[in-house]
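Trainee: So that we are looking at the same thing, I have put the structure below in structure tokens.
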Amino acid sequence: MSPPPKTPPPLPGTPGSPDPEVRVPRRAVLAAGLALAAAPLWPRSPDARAGEAEGPIFPMFRGNPARSGQGVGPVPRRGVAVRWRHRTGVHREPLRGGRHREWTGTGWTGQAAIWGDSVYVGSVDGRCYRLDADTGTVRWSFDAGDSIKGSVLVTGDRVWFGSRADHMFCLDRSTGAEVWRFPCGGKDTDSSPCLVDGRLYFGAEDGGIYCVDPVDARVIWSYRAGGSVESSPAIDGGRLFAGAYDGYLHALDARDGTPLWRFPTGDDTDASAVVDSGQLFVGNENGVLYHLDPATGEARWSFRAGAGIWGTVALDGSRVFTTSDDGFVYALDRGTGRVLWRYGAAAGMWTSAVCVDGVVVVGDWAGVLHGVEASTGLPLWTWQADAYIVSSALVAAGRIYVGARDGVFYCLEEAT
């Protein structure tokens with residue numbers, strides 16, 4: 001374990017530095033009394049309004065700030081079929097020589113969020129969508145100007161997400177109107193935000209880890225890692241954990257950004273850390289999964305897969321599940337790191353596995369979504385999309401919501 005880093009240089013908004021320019025339309029400024037709590041998983045929507053159906057809540061990437069959430073059961077076990085599909089648009093990125101690259105579908109990490117009767121998802125076409133969870137009908141869409149690859153965060157009346165337009169956006173959940181946008185140093189923002197105790201946390205590819213006021217985007221503190229931060233911050237016990245391109249997992253005091261420790265993962269660490277019951281797990285692009293002590297950063301065990309790890313781990317009782325670009329899903333013993341089983345997918349994987357009701361759900365580069373029995377690693381079902389899947393699936397109340405790079409966002413349910 002390396003010693004704590006030296007005090008990082010100030011970023012915009014740090015005491016002693018000018019605040020960045022933040023667009024805050026007057027008509028959309030949040031009310032000062034807005035209730036913004038950490039996001040537990042409620043079985044039914046607490047803010048259901050007249051005419052709005054109640055339903056499950058899974059409000060952010062991995063469900064909660066510790067990134068240990070999995071989904072809302074039940075989960076299909078006998079097979080899946082398409083309930084509805086929504087085709088997203090096309091983003092054309094200009095290249096040199098008059099050429100262009102087309103982006104469609106959903107990207108990495110791209111996990112949808114659900115709040116009551118609506119599903120929220122960003123697309124690489126540059127739009128954030130609010131879709132009816134039952135029918136896929138578009139309730140609104142917002143054009144961010146460039147691809148949205150990360151996952152969205154939803155609360156009672158706000159939606160947050162980052163994009164390749166180099167900003168973190170805040171929208172009104174009911175209308176999709178822009179509330180504010182926060183500039184992220186002219187770099188992509190793939191990190192998915194989380195909300196804890198009325199503070200919004202996220203990383204950016206300018207190397208910054210930011211804590212801002214969700215009402216007006218005022219910077220509370222900022223910290224500079226040694227490289228871009230594409231991982232989504234995990235927060236537990238007053239500590240924030242985020243991996244970076246510099247090959248370190250950074251642990252900060254969530255209150256003021258003070259560095260606590262940093263652990264050398266040895267390679268770019270885009271996967272998000274997961275904290276649960278005094279245990280911390282994180283993988284890196286060198287293919288190593290680490291089990292650390294979240295208080296000290298001390299390594300308890302490590303496991304090396306056959307290729308890089310881009311996905312965030314899933315937890316289920318005594319097991320840890322990780323995907324790898326080597327084409328395997330691994331189930332490891334949480335206490336020792338011993339391999340319990342491995343499941344061979346059709347291709348490598350960047351998606352994050354989720355485990356709900358004893359079923360591991362994961363997509364791969366061949367466009368296959370897999371349902372695997374968590375206790376044995378035996379296949380339960382597979383489903384084929386028309387292009388590769390790098391987005392993480394959302395399991396919510398018997399349905400699976402997932403996007404593919406064929407330009408389609410799918411809602412799947414138990415096959416009859």
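Letters A, B, ... go to the chains of the structure tokens in the order shown; residues in each chain start at 1; ligands are counted from 1 in the same order.
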Quick one: everything within 8 Å of Glu205 (chain A), counting only C-alpha atoms, minus sequence neighbours fewer than 4 positions away in the same chain. Send it as a PDB file with C-alpha atoms, in the first residue's frame.

Mentor:
ATOM      1  CA  CYS A 184     -15.931  19.085 -16.012  1.00  0.00           C
ATOM      2  CA  LYS A 187     -13.165  16.101 -20.613  1.00  0.00           C
ATOM      3  CA  ASP A 188     -15.635  13.224 -20.866  1.00  0.00           C
ATOM      4  CA  THR A 189     -17.760  12.458 -17.817  1.00  0.00           C
ATOM      5  CA  ASP A 190     -18.559   8.734 -17.736  1.00  0.00           C
ATOM      6  CA  GLY A 227      -5.433  10.491 -14.061  1.00  0.00           C
ATOM      7  CA  SER A 228      -8.971  10.409 -15.400  1.00  0.00           C
ATOM      8  CA  VAL A 229     -11.726   9.110 -13.111  1.00  0.00           C
ATOM      9  CA  GLU A 230     -14.236   6.992 -15.027  1.00  0.00           C
TER      10      GLU A 230
END

Trainee: Could you go through region 150-208 of chain A and tell me which residues DSSP, when run on the backbone, assigns to strand (DSSP E or B), listing them as a PyMOL selection string?

Mentor: chain A and resi 153-154+158-162+167-172+178-183+194-196+199-203+208

Trainee: Neighbouring residues of Cys194 (chain A) were defined as those with any atom within 10 Å, considering only C-alpha atoms; residues of the same chain fewer than 3 positions away were excluded. Please report them as a list in words.

Mentor: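 Final neighbour list, sorted by chain and number: Ala38, Ala39, Pro59, Met60, Phe61, Gly63, Asn64, Pro65, Ala66, Arg67, Val152, Leu153, Val154, Trp160, Phe161, Ser191, Arg199, Leu200, Tyr201, Phe202, Cys211, Ser232, Pro233, Ala234 and Ile235 of chain A.
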
Trainee: Fewer than 4 positions away in the same chain doesn't count, so skip those; otherwise give me all residues within 9 Å of Leu315 (chain A), counting only C-alpha atoms, as a compact mmCIF listing (two decimals) with N, CA and C atoms, in the first residue's frame.

Mentor:
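Final output, part22.txt:
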# COMPACT_ATOMS: atom_id res chain seq x y z
N SER A 68 -23.39 -1.52 -3.71
CA SER A 68 -23.58 -2.93 -3.35
C SER A 68 -24.95 -3.46 -3.71
N GLY A 69 -25.82 -2.61 -4.26
CA GLY A 69 -27.16 -3.06 -4.62
C GLY A 69 -27.14 -3.93 -5.86
N GLN A 70 -28.14 -4.76 -6.01
CA GLN A 70 -28.19 -5.70 -7.12
C GLN A 70 -29.41 -5.49 -8.01
N VAL A 274 -16.92 -1.61 -4.55
CA VAL A 274 -18.15 -2.03 -3.87
C VAL A 274 -17.80 -2.24 -2.41
N ASP A 276 -19.27 -3.44 1.40
CA ASP A 276 -20.36 -4.16 2.06
C ASP A 276 -19.82 -4.87 3.29
N ARG A 319 -20.57 -14.99 -1.54
CA ARG A 319 -19.92 -15.05 -2.85
C ARG A 319 -19.71 -13.66 -3.45
N VAL A 320 -18.66 -13.58 -4.27
CA VAL A 320 -18.37 -12.40 -5.09
C VAL A 320 -18.38 -12.85 -6.55
N PHE A 321 -19.06 -12.10 -7.40
CA PHE A 321 -19.13 -12.44 -8.82
C PHE A 321 -18.46 -11.33 -9.63
N ARG A 334 -16.04 -15.03 -0.68
CA ARG A 334 -15.76 -13.69 -0.19
C ARG A 334 -14.64 -13.66 0.83
N VAL A 354 -25.02 -8.59 -12.18
CA VAL A 354 -25.95 -8.36 -11.08
C VAL A 354 -26.46 -9.73 -10.62
N CYS A 355 -26.73 -9.84 -9.34
CA CYS A 355 -27.23 -11.10 -8.79
C CYS A 355 -28.48 -10.82 -7.98

Trainee: Quick one: residues within 10 Å of region 267-272 of chain A, only C-alpha atoms, excluding same-chain residues fewer than 2 positions away - as a PyMOL selection string?

Mentor: chain A and resi 61-62+66-67+109+190-192+227-234+241-249+264-265+274-275+281-289+308-313+350-352

Trainee: Residues of the last selection are to be written out with C-alpha atoms, as a short mmCIF file (atom, residue, chain, number, x, y, z; two decimals), in the first residue's frame.

Mentor:
data_model
loop_
_atom_site.label_atom_id
_atom_site.label_comp_id
_atom_site.auth_asym_id
_atom_site.auth_seq_id
_atom_site.Cartn_x
_atom_site.Cartn_y
_atom_site.Cartn_z
CA PHE A 61 -25.73 2.66 -10.72
CA ARG A 62 -25.73 -0.39 -8.41
CA ALA A 66 -21.91 1.88 -1.60
CA ARG A 67 -22.56 0.31 -5.06
CA THR A 109 -21.78 1.44 -17.83
CA ASP A 190 -18.56 8.73 -17.74
CA SER A 191 -18.63 8.46 -13.94
CA SER A 192 -22.11 7.91 -12.53
CA GLY A 227 -5.43 10.49 -14.06
CA SER A 228 -8.97 10.41 -15.40
CA VAL A 229 -11.73 9.11 -13.11
CA GLU A 230 -14.24 6.99 -15.03
CA SER A 231 -15.26 4.85 -12.06
CA SER A 232 -18.37 5.79 -10.11
CA PRO A 233 -17.58 6.88 -6.53
CA ALA A 234 -18.63 4.47 -3.78
CA PHE A 241 -13.62 5.34 -2.87
CA ALA A 242 -12.82 5.94 -6.55
CA GLY A 243 -10.45 4.30 -8.99
CA ALA A 244 -8.49 6.27 -11.58
CA TYR A 245 -6.32 5.97 -14.67
CA ASP A 246 -3.23 6.52 -12.46
CA GLY A 247 -3.52 2.91 -11.23
CA TYR A 248 -4.73 3.75 -7.74
CA LEU A 249 -7.90 3.36 -5.73
CA PRO A 264 -1.92 0.70 -6.03
CA THR A 265 -4.12 -1.44 -8.25
CA VAL A 274 -18.15 -2.03 -3.87
CA VAL A 275 -18.36 -1.76 -0.08
CA PHE A 281 -13.85 -5.09 -3.68
CA VAL A 282 -12.45 -3.53 -6.85
CA GLY A 283 -11.05 -4.85 -10.14
CA ASN A 284 -8.73 -3.27 -12.70
CA GLU A 285 -7.92 -3.47 -16.40
CA ASN A 286 -4.93 -5.70 -15.62
CA GLY A 287 -7.43 -8.40 -14.67
CA VAL A 288 -6.87 -8.37 -10.89
CA LEU A 289 -9.70 -8.25 -8.36
CA GLY A 308 -9.04 -7.18 -17.88
CA ILE A 309 -11.87 -6.42 -15.46
CA TRP A 310 -14.07 -3.46 -16.41
CA GLY A 311 -17.21 -4.58 -14.58
CA THR A 312 -18.17 -3.81 -11.00
CA VAL A 313 -18.53 -6.92 -8.84
CA TRP A 350 -17.28 -5.31 -19.85
CA THR A 351 -20.69 -5.36 -18.20
CA SER A 352 -21.17 -5.50 -14.47
#

Trainee: Taking only C-alpha atoms into account, which of A:Thr296, A:Ser141, A:Ser163, A:Ser277 comes nearest Pro259 (chain A)?

Mentor: A:Thr296

Trainee: What lies within 9 Å of Gly398 (chain A) using only C-alpha atoms, ignoring chain neighbours under 3 positions off, as a list of chain:residue names?

Mentor: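 Within the cut-off, the hits are A:Val72, A:Gly73, A:Pro74, A:Val75, A:Pro76, A:Val395, A:Leu412, A:Glu413, A:Glu414.
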
Trainee: Taking only C-alpha atoms into account, which of A:Ala299, A:Val329, A:Ala307, A:Val159 comes nearest Val361 (chain A)?

Mentor: A:Val329

Trainee: Residues near Val408 (chain A), anyone? I mean within 7 Å using only C-alpha atoms, not counting same-chain ones fewer than 6 positions away, as a list in words.

Mentor: Arg85, His86, Arg87, Thr88 and Gly105 of chain A

Trainee: Could you turn the residues from that selection into a file that holds N, CA and C atoms, as a PDB file, in the first residue's frame?

Mentor:
ATOM      1  N   ARG A  85     -39.563  -2.672 -26.791  1.00  0.00           N
ATOM      2  CA  ARG A  85     -38.250  -2.163 -27.167  1.00  0.00           C
ATOM      3  C   ARG A  85     -38.390  -0.707 -27.583  1.00  0.00           C
ATOM      4  N   HIS A  86     -37.348   0.058 -27.277  1.00  0.00           N
ATOM      5  CA  HIS A  86     -37.314   1.465 -27.685  1.00  0.00           C
ATOM      6  C   HIS A  86     -36.053   1.703 -28.499  1.00  0.00           C
ATOM      7  N   ARG A  87     -36.231   2.184 -29.714  1.00  0.00           N
ATOM      8  CA  ARG A  87     -35.073   2.452 -30.560  1.00  0.00           C
ATOM      9  C   ARG A  87     -34.597   3.887 -30.332  1.00  0.00           C
ATOM     10  N   THR A  88     -33.317   4.005 -29.965  1.00  0.00           N
ATOM     11  CA  THR A  88     -32.716   5.313 -29.759  1.00  0.00           C
ATOM     12  C   THR A  88     -32.208   5.859 -31.089  1.00  0.00           C
ATOM     13  N   GLY A 105     -27.350   3.122 -29.439  1.00  0.00           N
ATOM     14  CA  GLY A 105     -27.605   2.240 -28.300  1.00  0.00           C
ATOM     15  C   GLY A 105     -27.138   2.827 -26.984  1.00  0.00           C
TER      16      GLY A 105
END

Trainee: Of the residues A:Glu102, A:Gly203, A:Ala331, A:Pro56, which is the one nearest to Gly150 (chain A), using only C-alpha atoms?

Mentor: A:Gly203

Trainee: Rounded to one decimal place, report the CA of Gly136 (chain A)-CA of Ser123 (chain A) distance in Å.

Mentor: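 Separating CA of Gly136 (chain A) from CA of Ser123 (chain A) is a distance of 14.7 Å.
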